[in-house]
Amino acid sequence: MLRRGFLKRTAAAFAGATLPAGRVLAHEGAAQAAVIPPREVAIAEGIPAGQIHVMPDEFALYWTLPGARALRYAVGVGRDDLYEAGTFLIQAKKEWPSWTPTPGMLEREPEVYGKWADGMPGGIDNPLGARALYLFKDGYDTFLRIHGTNAPSTIGTAVSNGCARLVNEQIIELYEKVPLETKVFLYPKVGMA
């Protein structure tokens, strides 16, 4: 499968489109942020249904459907130096997952992550949000996740420690659709090796 073919068809699907605003889950009493709802789009022929394709330069995640179609979700992605392209399998899924910063996160920003070195229980304040899909490669946990967020303003940005994030409402929807052993493609950022 060529990235160019996938992108050409998806770009054409959005030409001139105006998308209505949706809603996301937020803290009780907090203002609800408007976000782009998932949208069904045409993709290149020959891409199997039941896969996830993350296009970091578009801040888009595609859940492929039969008949050269996909659901397109808006996402936030990892910062340039932390984003990891590759092919992965989802080999764990969790609702309201707990979270522990990786050793790299603790080393880079101990003042931010040190208080959570022993972990943070799941819940609305947890950085993994309402659901998480765990990405594995060759049977090993990569510590990369597709997860929710309680910070909708981070959608459409490259600020995370390598993961792809959706608003909580949308990760809950995607979580229900995606089975274990789903193949995930994280495409390279343009200009990155």
# chains A, B, ... in the order shown; residues from 1 in each chain; ligands from 1
call {"tool": "residues_around", "arguments": {"residues": "region 70-79 of chain A", "least_positions_apart": "2", "cutoff": "9 Å", "atoms": "only C-alpha atoms", "output": "ChimeraX atom specification"}}
result
/A:10,35-43,49,54,56,58-68,81-84,152,154-167,170
call {"tool": "select_by_dssp", "arguments": {"residues": "region 33-135 of chain A", "states": "helix (DSSP H, G or I)", "output": "MDAnalysis selection string"}}
result
chainID A and resid 103:108 110:116
call {"tool": "closest_residue", "arguments": {"among": "A:Gly148, A:Gly139, A:Gly104, A:Pro97", "to": "Pro121 (chain A)", "atoms": "only C-alpha atoms"}}
result
A:Pro97
call {"tool": "residues_around", "arguments": {"residues": "Trp116 (chain A)", "least_positions_apart": "5", "cutoff": "12 Å", "atoms": "only C-alpha atoms", "output": "PyMOL selection string"}}
result
chain A and resi 98-103+105-106+109-111+121+126-127
call {"tool": "residues_around", "arguments": {"residues": "region 175-179 of chain A", "least_positions_apart": "6", "cutoff": "9 Å", "atoms": "only C-alpha atoms", "output": "PyMOL selection string"}}
result
chain A and resi 50-52+63+90-91+93-95+131-133
call {"tool": "closest_residue", "arguments": {"among": "A:Ala92, A:Ala44, A:Leu135, A:Leu144", "to": "Lys183 (chain A)", "atoms": "only C-alpha atoms"}}
result
A:Leu135
